[in-house]
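**Q** File run-v6.tsv below, TSV, C-alpha atoms:
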chain	number	residue	atom	x	y	z
A	18	MET	CA	95.32	127.80	-22.60
A	19	ARG	CA	96.61	131.16	-21.48
A	20	ARG	CA	96.64	131.70	-17.73
A	21	HIS	CA	96.51	134.96	-15.86
A	22	ILE	CA	99.81	136.14	-14.51
A	23	THR	CA	98.61	135.80	-10.93
A	24	HIS	CA	98.59	132.04	-11.47
A	25	TYR	CA	102.35	132.14	-11.80
A	26	LEU	CA	103.19	134.40	-8.86
A	27	ALA	CA	103.67	131.67	-6.25
A	28	ALA	CA	106.04	129.72	-8.48
A	29	TYR	CA	107.73	132.96	-9.54
A	30	ILE	CA	108.55	133.83	-5.93
A	31	THR	CA	110.18	130.46	-5.26
A	32	GLY	CA	111.97	130.39	-8.59
A	33	GLU	CA	110.11	127.38	-9.92
A	34	LEU	CA	108.94	128.91	-13.18
A	35	PRO	CA	110.60	128.00	-16.47
A	36	PRO	CA	113.06	130.76	-17.46
A	37	HIS	CA	110.96	132.13	-20.32
A	38	LEU	CA	107.88	132.45	-18.08
A	39	ALA	CA	109.85	133.94	-15.20
A	40	ARG	CA	111.24	136.57	-17.58
A	41	ARG	CA	107.77	137.49	-18.79
A	42	VAL	CA	106.33	137.72	-15.26
A	43	GLY	CA	109.24	139.85	-14.13
A	44	GLN	CA	108.79	142.23	-17.04
A	45	HIS	CA	105.03	142.47	-16.48
A	46	VAL	CA	105.09	143.28	-12.76
A	47	GLN	CA	107.44	146.16	-13.44
A	48	VAL	CA	104.87	147.90	-15.59
A	49	CYS	CA	101.61	146.75	-13.94
A	50	ASP	CA	100.83	148.24	-10.55
A	51	SER	CA	98.02	145.85	-9.66
A	52	CYS	CA	100.09	142.79	-10.49
A	53	TYR	CA	103.03	144.26	-8.58
A	54	ALA	CA	100.77	144.71	-5.53
A	55	ALA	CA	99.52	141.15	-5.95
A	56	LEU	CA	103.12	139.95	-6.07
A	57	GLN	CA	103.89	141.77	-2.81
A	58	ARG	CA	100.85	140.24	-1.12
A	59	GLU	CA	101.88	136.83	-2.37
A	60	ARG	CA	105.39	137.34	-1.02
A	61	ASP	CA	104.07	138.35	2.40
A	62	LEU	CA	101.75	135.37	2.59
A	63	THR	CA	104.41	132.95	1.42
A	64	SER	CA	106.85	134.31	3.94
A	65	THR	CA	104.30	134.06	6.74
A	66	LEU	CA	103.39	130.49	5.82
A	67	GLN	CA	107.02	129.44	5.61
A	68	THR	CA	107.75	131.01	8.99
A	69	GLN	CA	104.72	129.64	10.75
A	70	PHE	CA	104.89	126.18	9.25
A	71	ALA	CA	108.52	125.84	10.25
A	72	THR	CA	107.38	125.13	13.78
A	73	PHE	CA	103.84	123.99	13.15
A	74	GLY	CA	102.79	120.60	14.50
A	75	VAL	CA	106.17	119.75	15.97
A	76	PRO	CA	105.55	116.65	18.10
A	77	ARG	CA	106.53	116.40	21.72
A	78	PRO	CA	109.28	113.86	22.35
A	79	ALA	CA	106.85	111.81	24.41
A	80	GLN	CA	104.59	111.40	21.40
A	81	LEU	CA	107.31	109.96	19.18
A	82	ALA	CA	108.55	107.81	22.05
A	83	ARG	CA	105.03	106.43	22.46
A	84	VAL	CA	104.76	105.31	18.84
A	85	ARG	CA	108.34	104.05	18.42
A	86	PRO	CA	108.05	100.77	20.39
A	87	ALA	CA	104.86	99.83	18.57
A	88	VAL	CA	106.52	100.29	15.18
A	89	LEU	CA	109.67	98.39	16.11
A	90	MET	CA	107.70	95.61	17.77
A	91	ALA	CA	105.64	95.21	14.63
A	92	MET	CA	108.85	94.73	12.67
A	93	GLN	CA	110.13	92.07	15.05
A	94	ALA	CA	107.13	89.88	14.49
A	95	PRO	CA	106.50	88.65	10.96
A	96	PRO	CA	103.24	89.78	9.42
A	97	ALA	CA	100.36	87.67	10.63
A	98	PRO	CA	99.68	84.99	8.03
A	99	ARG	CA	96.37	85.05	6.34
A	100	ARG	CA	94.07	82.60	7.99
A	101	PHE	CA	92.08	82.10	4.88
A	102	TRP	CA	92.98	81.84	1.29
A	103	PRO	CA	91.59	85.02	-0.31
A	104	GLY	CA	89.16	83.10	-2.54
A	105	MET	CA	88.12	80.71	0.16
A	106	GLY	CA	84.98	82.61	1.00
A	107	LEU	CA	83.82	82.58	-2.60
A	108	VAL	CA	84.53	78.89	-2.97
A	109	LEU	CA	82.64	78.11	0.22
A	110	ALA	CA	79.68	80.17	-0.91
A	111	LEU	CA	79.58	78.44	-4.30
A	112	SER	CA	79.86	75.05	-2.66
A	113	LEU	CA	76.92	75.86	-0.42
A	114	VAL	CA	74.81	76.99	-3.35
A	115	VAL	CA	75.64	73.84	-5.29
A	116	ALA	CA	74.90	71.69	-2.26
A	117	LEU	CA	71.47	73.31	-1.93
A	118	LEU	CA	70.58	73.25	-5.62
A	119	LEU	CA	71.84	69.76	-6.41
A	120	PRO	CA	69.03	67.90	-4.61
A	121	MET	CA	66.48	70.15	-6.24
A	122	LEU	CA	67.86	69.33	-9.68
A	123	VAL	CA	68.36	65.63	-9.17
A	124	ALA	CA	65.40	64.75	-6.98
A	125	PRO	CA	62.66	65.09	-9.64
A	126	ARG	CA	64.48	62.67	-11.91
A	127	LEU	CA	64.85	60.18	-9.12
A	128	VAL	CA	61.20	60.47	-8.21
A	129	SER	CA	60.21	60.02	-11.84
A	130	ALA	CA	62.44	57.00	-12.17
A	131	ILE	CA	60.95	55.41	-9.08
A	132	ASN	CA	57.36	56.16	-10.06
A	133	VAL	CA	57.45	54.57	-13.50
A	134	PRO	CA	53.82	53.72	-14.13
A	135	ASP	CA	52.64	50.15	-14.37
A	136	GLN	CA	52.50	49.06	-17.96
A	137	HIS	CA	49.11	47.52	-17.34
A	138	GLY	CA	47.70	50.31	-15.32
A	139	PRO	CA	45.17	52.73	-16.59
A	140	ASP	CA	46.23	54.52	-19.74
A	141	VAL	CA	45.41	57.82	-18.17
A	142	LEU	CA	48.36	57.43	-15.77
A	143	ALA	CA	50.82	56.80	-18.56
A	144	GLY	CA	49.84	60.09	-20.10
A	145	THR	CA	50.55	62.03	-16.98
A	146	MET	CA	54.04	60.77	-16.28
A	147	SER	CA	57.04	62.89	-17.09
A	148	ILE	CA	58.91	60.01	-18.64
A	149	PRO	CA	57.06	58.60	-21.64
A	150	VAL	CA	56.16	55.00	-21.39
A	151	THR	CA	57.68	52.96	-24.13
A	152	ASP	CA	57.40	49.36	-25.19
A	153	THR	CA	60.71	48.55	-23.60
A	154	PRO	CA	59.26	47.39	-20.30
A	155	ALA	CA	57.06	44.90	-22.16
A	156	GLN	CA	60.17	43.28	-23.56
A	157	VAL	CA	61.67	42.95	-20.15
A	158	HIS	CA	58.67	41.79	-18.23
A	159	VAL	CA	56.79	38.66	-19.05
A	160	ALA	CA	53.18	39.40	-19.59
A	161	PRO	CA	50.86	37.69	-17.12
A	162	THR	CA	48.86	36.13	-19.96
A	163	ALA	CA	51.90	34.33	-21.28
A	164	VAL	CA	52.67	32.98	-17.82
A	165	ALA	CA	49.18	31.66	-17.43
A	166	GLN	CA	49.34	29.99	-20.81
A	167	ARG	CA	52.57	28.21	-19.95
A	168	LEU	CA	51.17	27.09	-16.63
A	169	GLU	CA	48.23	25.55	-18.38
A	170	GLU	CA	50.54	23.76	-20.79
A	171	ALA	CA	52.54	22.43	-17.89
A	172	ALA	CA	49.41	21.25	-16.17
A	173	THR	CA	48.22	19.37	-19.24
A	174	ALA	CA	51.61	17.74	-19.69
A	175	LEU	CA	51.77	16.75	-16.08
A	176	PRO	CA	49.62	13.57	-16.40
A	177	ASP	CA	52.08	12.19	-18.94
A	178	LEU	CA	55.04	12.63	-16.68
A	179	VAL	CA	53.55	11.60	-13.39
A	180	PRO	CA	51.66	8.34	-13.05
A	181	PRO	CA	48.17	8.72	-11.79
A	182	PRO	CA	47.66	7.82	-8.19
A	183	ALA	CA	46.47	4.27	-7.43
A	184	PRO	CA	42.78	3.94	-6.91
A	185	VAL	CA	41.81	3.74	-3.29
A	186	ALA	CA	40.10	0.49	-2.24
A	187	GLN	CA	36.59	0.85	-1.14
A	188	ALA	CA	36.03	-0.19	2.44
A	189	THR	CA	33.54	-2.95	2.80
A	190	PRO	CA	30.92	-2.02	5.29
A	191	GLY	CA	29.65	-4.65	7.65
A	192	ARG	CA	32.85	-6.68	7.92
B	16	MET	CA	116.43	112.01	-7.19
B	17	ASN	CA	118.51	112.92	-4.15
B	18	ASP	CA	117.36	112.27	-0.64
B	19	SER	CA	118.64	114.08	2.38
B	20	TYR	CA	119.88	112.02	5.24
B	21	PRO	CA	121.92	113.40	8.12
B	22	GLY	CA	125.47	112.32	8.44
B	23	GLY	CA	125.55	110.62	5.13
B	24	SER	CA	124.74	110.66	1.49
B	25	MET	CA	122.31	108.79	-0.69
B	26	GLU	CA	124.56	105.75	-0.38
B	27	SER	CA	124.29	105.70	3.39
B	28	LEU	CA	120.52	105.84	3.19
B	29	GLN	CA	120.58	102.97	0.74
B	30	ALA	CA	122.84	101.06	3.09
B	31	LEU	CA	120.42	101.70	5.92
B	32	ILE	CA	117.52	100.48	3.84
B	33	THR	CA	119.50	97.40	2.85
B	34	ARG	CA	120.21	96.63	6.48
B	35	ALA	CA	116.57	97.13	7.35
B	36	LEU	CA	115.56	94.77	4.56
B	37	ALA	CA	117.90	92.22	6.10
B	38	GLY	CA	115.94	92.52	9.35
B	39	ASP	CA	118.29	94.81	11.25
B	40	GLN	CA	116.20	96.34	14.04
B	41	GLY	CA	118.75	99.10	14.53
B	42	ALA	CA	118.25	100.22	10.95
B	43	TYR	CA	114.50	100.42	11.44
B	44	ALA	CA	115.05	102.46	14.59
B	45	ASN	CA	117.39	104.86	12.77
B	46	LEU	CA	114.92	105.37	9.96
B	47	TYR	CA	112.14	106.01	12.45
B	48	ASP	CA	114.19	108.48	14.47
B	49	HIS	CA	115.10	110.44	11.38
B	50	TYR	CA	111.74	110.62	9.63
B	51	ALA	CA	109.20	110.46	12.49
B	52	THR	CA	109.10	114.18	13.20
B	53	GLY	CA	108.51	115.09	9.57
B	54	LEU	CA	105.81	112.49	9.10
B	55	TYR	CA	104.06	113.49	12.30
B	56	ARG	CA	104.10	117.17	11.32
B	57	LEU	CA	102.68	116.29	7.93
B	58	ALA	CA	99.92	114.19	9.47
B	59	TYR	CA	99.13	116.82	12.06
B	60	SER	CA	99.01	119.62	9.48
B	61	ILE	CA	96.42	117.63	7.55
B	62	LEU	CA	94.38	116.13	10.36
B	63	LEU	CA	94.81	118.76	13.10
B	64	ASP	CA	94.44	116.09	15.76
B	65	GLU	CA	97.21	114.71	17.91
B	66	GLN	CA	95.83	111.23	18.52
B	67	ASP	CA	94.92	110.72	14.89
B	68	SER	CA	98.35	111.94	13.85
B	69	GLU	CA	100.03	109.44	16.17
B	70	ASP	CA	97.89	106.65	14.74
B	71	VAL	CA	98.74	107.70	11.20
B	72	LEU	CA	102.43	107.91	12.11
B	73	GLN	CA	102.37	104.35	13.41
B	74	GLU	CA	100.39	102.99	10.46
B	75	SER	CA	102.61	104.78	7.97
B	76	PHE	CA	105.87	103.46	9.39
B	77	ILE	CA	104.63	99.89	9.72
B	78	TYR	CA	103.33	99.94	6.16
B	79	ALA	CA	106.51	101.54	4.84
B	80	PHE	CA	108.81	99.13	6.65
B	81	ARG	CA	106.85	96.08	5.58
B	82	ASN	CA	106.87	97.29	1.99
B	83	LEU	CA	110.42	98.58	2.01
B	84	HIS	CA	111.32	96.18	-0.80
B	85	ARG	CA	108.90	98.09	-3.04
B	86	TYR	CA	110.72	101.39	-2.68
B	87	ASP	CA	112.50	102.24	-5.91
B	88	PRO	CA	115.11	105.03	-5.62
B	89	GLU	CA	114.86	105.60	-9.36
B	90	ARG	CA	111.25	106.69	-9.02
B	91	GLY	CA	111.70	109.25	-6.27
B	92	ALA	CA	113.27	110.24	-3.00
B	93	PHE	CA	112.71	108.13	0.08
B	94	HIS	CA	111.07	110.94	2.02
B	95	THR	CA	108.70	111.57	-0.89
B	96	TRP	CA	107.75	107.92	-0.82
B	97	LEU	CA	107.10	108.16	2.92
B	98	TYR	CA	105.01	111.31	2.43
B	99	THR	CA	102.92	109.54	-0.18
B	100	ILE	CA	102.17	106.77	2.30
B	101	THR	CA	101.38	109.24	5.07
B	102	VAL	CA	99.03	111.34	2.93
B	103	SER	CA	97.25	108.16	1.91
B	104	ARG	CA	96.89	107.12	5.55
B	105	CYS	CA	95.58	110.57	6.43
B	106	ARG	CA	92.92	110.24	3.75
B	107	ASN	CA	91.94	106.87	5.16
B	108	MET	CA	91.75	108.35	8.63
B	109	ARG	CA	89.60	111.19	7.37
B	110	ARG	CA	87.23	108.72	5.79
B	111	ARG	CA	87.00	106.74	9.00
B	112	LYS	CA	85.96	109.63	11.13
B	113	VAL	CA	84.67	113.12	10.85
B	114	LEU	CA	87.36	115.69	11.18
B	115	PRO	CA	87.00	116.90	14.77
B	116	THR	CA	86.82	120.47	15.78
B	117	VAL	CA	90.06	121.33	17.50
B	118	GLU	CA	90.22	124.01	20.11
B	119	LEU	CA	92.90	126.57	19.56
B	120	VAL	CA	93.95	126.21	23.16
B	121	LYS	CA	94.66	122.56	22.52
B	122	LEU	CA	96.54	123.36	19.36
B	123	LEU	CA	98.65	125.88	21.17
B	124	ALA	CA	99.74	123.60	23.96
B	125	ILE	CA	102.77	124.96	25.72
B	126	GLY	CA	104.84	121.87	24.99
B	127	GLN	CA	104.36	122.37	21.28
B	128	GLU	CA	105.41	125.96	21.22
B	129	PRO	CA	108.91	126.63	20.04
B	130	ALA	CA	111.03	128.34	22.63
B	131	ALA	CA	110.72	132.08	22.26
B	132	SER	CA	113.81	133.88	21.26
B	133	HIS	CA	115.53	135.68	24.08
B	134	ARG	CA	115.45	138.80	21.97
B	135	GLU	CA	111.70	138.53	21.41
B	136	THR	CA	109.69	140.99	23.39
B	137	PRO	CA	106.38	140.00	25.02
B	138	GLU	CA	104.57	142.09	22.43
B	139	ALA	CA	106.30	140.30	19.60
B	140	ALA	CA	105.52	136.92	21.16
B	141	LEU	CA	101.89	137.94	21.49
B	142	ALA	CA	101.80	139.05	17.87
B	143	ARG	CA	103.37	135.77	16.79
B	144	LEU	CA	100.72	133.83	18.67
B	145	GLY	CA	98.06	136.00	17.12
B	146	VAL	CA	99.29	135.20	13.63
B	147	ARG	CA	99.42	131.55	14.55
B	148	HIS	CA	95.82	131.68	15.77
B	149	ALA	CA	94.76	133.26	12.52
B	150	LEU	CA	96.77	130.77	10.48
B	151	GLU	CA	95.27	127.77	12.24
B	152	HIS	CA	91.84	129.21	11.80
B	153	GLY	CA	92.63	129.63	8.12
B	154	LEU	CA	93.88	126.05	7.80
B	155	LYS	CA	90.65	124.73	9.19
B	156	THR	CA	88.70	126.59	6.55
B	157	LEU	CA	90.62	124.83	3.75
B	158	SER	CA	89.33	121.74	2.06
B	159	PRO	CA	91.31	118.57	2.83
B	160	ARG	CA	93.01	118.59	-0.58
B	161	LEU	CA	94.13	122.20	-0.21
B	162	ARG	CA	95.33	121.52	3.32
B	163	GLU	CA	97.39	118.59	2.03
B	164	ALA	CA	98.95	120.86	-0.55
B	165	VAL	CA	99.78	123.56	1.98
B	166	ALA	CA	101.18	121.04	4.46
B	167	LEU	CA	103.48	119.55	1.83
B	168	ARG	CA	104.50	122.89	0.42
B	169	TYR	CA	105.21	124.82	3.60
B	170	GLY	CA	105.38	122.13	6.25
B	171	GLN	CA	107.72	119.87	4.29
B	172	GLY	CA	109.17	122.33	1.79
B	173	LEU	CA	108.42	120.24	-1.28
B	174	THR	CA	108.67	121.61	-4.79
B	175	TYR	CA	105.62	121.54	-7.03
B	176	ARG	CA	107.09	118.56	-8.87
B	177	GLU	CA	107.49	116.62	-5.61
B	178	MET	CA	104.02	117.67	-4.47
B	179	ALA	CA	102.58	116.32	-7.69
B	180	ASP	CA	104.32	112.99	-7.08
B	181	VAL	CA	103.03	112.71	-3.53
B	182	LEU	CA	99.49	113.84	-4.32
B	183	GLY	CA	99.28	111.81	-7.50
B	184	CYS	CA	98.25	114.73	-9.67
B	185	PRO	CA	99.76	116.85	-12.46
B	186	GLN	CA	102.14	119.61	-11.45
B	187	LYS	CA	99.70	122.22	-12.71
B	188	THR	CA	97.09	120.84	-10.33
B	189	ALA	CA	99.51	121.13	-7.43
B	190	GLU	CA	100.21	124.74	-8.40
B	191	SER	CA	96.51	125.48	-8.64
B	192	ARG	CA	95.84	123.99	-5.23
B	193	ILE	CA	98.49	126.21	-3.66
B	194	ARG	CA	97.07	129.25	-5.41
B	195	LEU	CA	93.55	128.43	-4.21
B	196	ALA	CA	94.87	127.78	-0.71
B	197	HIS	CA	96.61	131.16	-0.75
B	198	GLU	CA	93.40	132.89	-1.74
B	199	ALA	CA	91.44	131.07	0.97
B	200	LEU	CA	94.08	131.75	3.60
B	201	ALA	CA	94.27	135.40	2.64
B	202	ARG	CA	90.50	135.65	3.03
B	203	ALA	CA	90.58	133.76	6.33
B	204	LEU	CA	93.35	135.92	7.69
B	205	GLY	CA	91.39	138.95	6.66
B	206	GLU	CA	91.96	142.31	8.22
B	207	SER	CA	92.86	140.99	11.65
B	208	GLY	CA	95.46	138.70	10.15
B	209	GLN	CA	96.87	141.52	8.08
B	210	THR	CA	97.10	143.74	11.15
B	211	LEU	CA	98.79	140.99	13.08
B	212	LEU	CA	101.21	140.43	10.24
B	213	GLU	CA	102.10	144.09	10.19
B	214	GLU	CA	102.63	144.03	13.95
B	215	LEU	CA	104.76	140.90	13.64
B	216	TRP	CA	106.99	142.31	10.92
B	217	GLY	CA	107.06	145.62	12.72
B	218	PHE	CA	108.67	143.96	15.70
Would you encode the structure as structure tokens?

**A**
Amino acid sequence: MRRHITHYLAAYITGELPPHLARRVGQHVQVCDSCYAALQRERDLTSTLQTQFATFGVPRPAQLARVRPAVLMAMQAPPAPRRFWPGMGLVLALSLVVALLLPMLVAPRLVSAINVPDQHGPDVLAGTMSIPVTDTPAQVHVAPTAVAQRLEEAATALPDLVPPPAPVAQATPGR
Amino acid sequence: MNDSYPGGSMESLQALITRALAGDQGAYANLYDHYATGLYRLAYSILLDEQDSEDVLQESFIYAFRNLHRYDPERGAFHTWLYTITVSRCRNMRRRKVLPTVELVKLLAIGQEPAASHRETPEAALARLGVRHALEHGLKTLSPRLREAVALRYGQGLTYREMADVLGCPQKTAESRIRLAHEALARALGESGQTLLEELWGF
């Protein structure tokens, strides 16, 4: 992109243009009055800025003396160690979230496991439970009917094993 | 890239840095004494506030000294590296607070004024102060980026290449910022500034 010659004047004055550009600018300002005037204005401004900035913002000795001890003292003490590992905050936050969510995830399963419906309860309850009722509990538990049957069998066999009690003598009235 | 250091060459500066890296407090003090004025002037030219400039000076040196092992002479001069840190701290300071309005009277404190030449007449001194007033007024009209450019260019005497390194921009951008700053300063100086300039050069 071609730039107007005025873009190069500041660098031309301080000799920071590449030789081929400096040559072209120099040739142009010799034949162009307006650009020559612009170059003179740029020279005046540059000179003024250089002169004024040479003493601009010079600190008082007291100012530098005030900062110096603080800088040197900071270099005597090692940098304060980090109190926390940089990722510690994130880890703590994640741990807290997990700690809060874990009971919510696990609790329903525990409740379901505890509230397994009675195999002999109403059928309507079995249909409403989250865990489907299978035949497995029937294999584990002995059905009450079977227990009753075995008790009856034991009772009938009992007379064979245990002798019947001796008949009690009848008291004779009037003796 | 060469780096200027009084009473020595690039090697002596490197030796000073090496001693500082080894924990030599005297080396830190020498580095501070040599570069503090330049860094303060740079900060003040950008921020136009004494207290803020002192804060930036302190922050810049502490950061630079603690990160001295990161300085690579192959990548640039030591003072350029320090200027980069200072400009960055100035930007941080500017973000932290609104740039205050500075009274010219405060800017022109007697203690800050360079001693007038014995040959300078009262009229010339008055004209010089007038130009300075106009210049400071012009600086305040510049955007922060343009003020940074002007401070580095005229306050620190950097080339466009060095300015580009410090500002983290292409050299063409640095040139453009100076050109824009010149235009703005010329407008700000206006007729009164031009008259004052003529009076100054006339004396």

**Q** I'd like the interatomic distance between atom CA of A:Arg60 and atom CA of A:Leu26, to a tenth of an Å.

**A**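 Separation of atom CA of A:Arg60 and atom CA of A:Leu26: 8.7 Å.
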
**Q** Tell me, counting all atoms listed in the file, for each residue of chain B within 9 Å of chain A, which pair of atoms is nearest and how far apart they are in Å to one decimal, in rows ordered by chain and increasing number, as a Markdown table.

**A**
| residue | atom | partner | partner_atom | distance |
| --- | --- | --- | --- | --- |
| B:Gly38 | CA | A:Met92 | CA | 8.1 |
| B:Gln40 | CA | A:Leu89 | CA | 7.2 |
| B:Tyr43 | CA | A:Leu89 | CA | 7.0 |
| B:Ala44 | CA | A:Leu89 | CA | 6.9 |
| B:Tyr47 | CA | A:Arg85 | CA | 7.3 |
| B:Asp48 | CA | A:Arg85 | CA | 8.3 |
| B:Ala51 | CA | A:Leu81 | CA | 7.0 |
| B:Thr52 | CA | A:Pro76 | CA | 6.5 |
| B:Gly53 | CA | A:Val75 | CA | 8.3 |
| B:Tyr55 | CA | A:Pro76 | CA | 6.8 |
| B:Arg56 | CA | A:Gly74 | CA | 4.9 |
| B:Leu57 | CA | A:Gly74 | CA | 7.9 |
| B:Ala58 | CA | A:Gly74 | CA | 8.6 |
| B:Tyr59 | CA | A:Gly74 | CA | 5.8 |
| B:Ser60 | CA | A:Gly74 | CA | 6.4 |
| B:Leu63 | CA | A:Gly74 | CA | 8.3 |
| B:Glu65 | CA | A:Pro76 | CA | 8.6 |
| B:Glu69 | CA | A:Val84 | CA | 6.8 |
| B:Asp70 | CA | A:Val84 | CA | 8.1 |
| B:Leu72 | CA | A:Val84 | CA | 7.6 |
| B:Gln73 | CA | A:Val84 | CA | 6.0 |
| B:Glu74 | CA | A:Val88 | CA | 8.2 |
| B:Phe76 | CA | A:Val88 | CA | 6.6 |
| B:Ile77 | CA | A:Val88 | CA | 5.8 |
| B:Phe80 | CA | A:Met92 | CA | 7.5 |
| B:Arg81 | CA | A:Met92 | CA | 7.5 |
| B:Leu122 | CA | A:Gly74 | CA | 8.4 |
| B:Gly126 | CA | A:Arg77 | CA | 6.6 |
| B:Gln127 | CA | A:Val75 | CA | 6.2 |
| B:Glu128 | CA | A:Thr72 | CA | 7.7 |
| B:Pro129 | CA | A:Thr72 | CA | 6.6 |
| B:Arg143 | CA | A:Gln69 | CA | 8.7 |
| B:Val146 | CA | A:Gln69 | CA | 8.3 |
| B:Arg147 | CA | A:Gln69 | CA | 6.8 |
| B:Leu150 | CA | A:Gln69 | CA | 8.0 |
| B:Val165 | CA | A:Leu66 | CA | 8.7 |
| B:Ala166 | CA | A:Phe70 | CA | 7.9 |
| B:Arg168 | CA | A:Gln67 | CA | 8.7 |
| B:Tyr169 | CA | A:Gln67 | CA | 5.4 |
| B:Gly170 | CA | A:Phe70 | CA | 5.1 |
| B:Gln171 | CA | A:Ala71 | CA | 8.5 |
| B:Gly172 | CA | A:Gln67 | CA | 8.4 |
| B:Thr174 | CA | A:Glu33 | CA | 7.9 |
| B:Tyr175 | CA | A:Glu33 | CA | 7.9 |
| B:Glu190 | CA | A:Ala28 | CA | 7.7 |
| B:Ser191 | CA | A:His24 | CA | 7.4 |
| B:Ile193 | CA | A:Ala27 | CA | 8.0 |
| B:Arg194 | CA | A:His24 | CA | 6.8 |
| B:His197 | CA | A:Leu62 | CA | 7.4 |
| B:Leu200 | CA | A:Leu62 | CA | 8.5 |
| B:Ala201 | CA | A:Leu62 | CA | 7.5 |
| B:Leu212 | CA | A:Thr65 | CA | 7.9 |

**Q** Quick one: pull the distance between atom CA of B:Leu54 and atom CA of A:Leu34, Å, one decimal.

**A**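 Calculated distance between atom CA of B:Leu54 and atom CA of A:Leu34 is 27.9 Å.
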
**Q** Do you know which residues are at most 9 Å from B:Met178 counting all atoms listed in the file, after dropping those on the same chain fewer than 2 positions away, and could you put them as a VMD selection string?

**A** chain B and resid 95 164 167 to 168 173 to 176 180 to 184 186 189 to 190

**Q** For a test of reading the model, state the distance in Å between atom CA of B:Leu36 and atom CA of B:Glu177, rounded to one decimal.

**A** 25.4 Å

**Q** Identify the residues within 8 Å of coordinate (98.7, 110.2, 7.0) (same frame as the file), considering only C-alpha atoms, and give the answer as number ranges by chain.

**A** B: 54, 57-58, 61, 68, 71-72, 75, 98, 100-108

**Q** Show which residues sit within 8 Å of stretch 46-53 of chain A, as a PDB file with C-alpha atoms, keeping the file's coordinate frame. Count all atoms listed in the file, and ignore same-chain residues fewer than 3 positions away.

**A**
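Everything below was put into around_14.pdb:
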ATOM      1  CA  ILE A  22      99.810 136.140 -14.510  1.00  0.00           C
ATOM      2  CA  THR A  23      98.610 135.800 -10.930  1.00  0.00           C
ATOM      3  CA  VAL A  42     106.330 137.720 -15.260  1.00  0.00           C
ATOM      4  CA  GLY A  43     109.240 139.850 -14.130  1.00  0.00           C
ATOM      5  CA  LEU A  56     103.120 139.950  -6.070  1.00  0.00           C
ATOM      6  CA  GLN A  57     103.890 141.770  -2.810  1.00  0.00           C
TER       7      GLN A  57
END
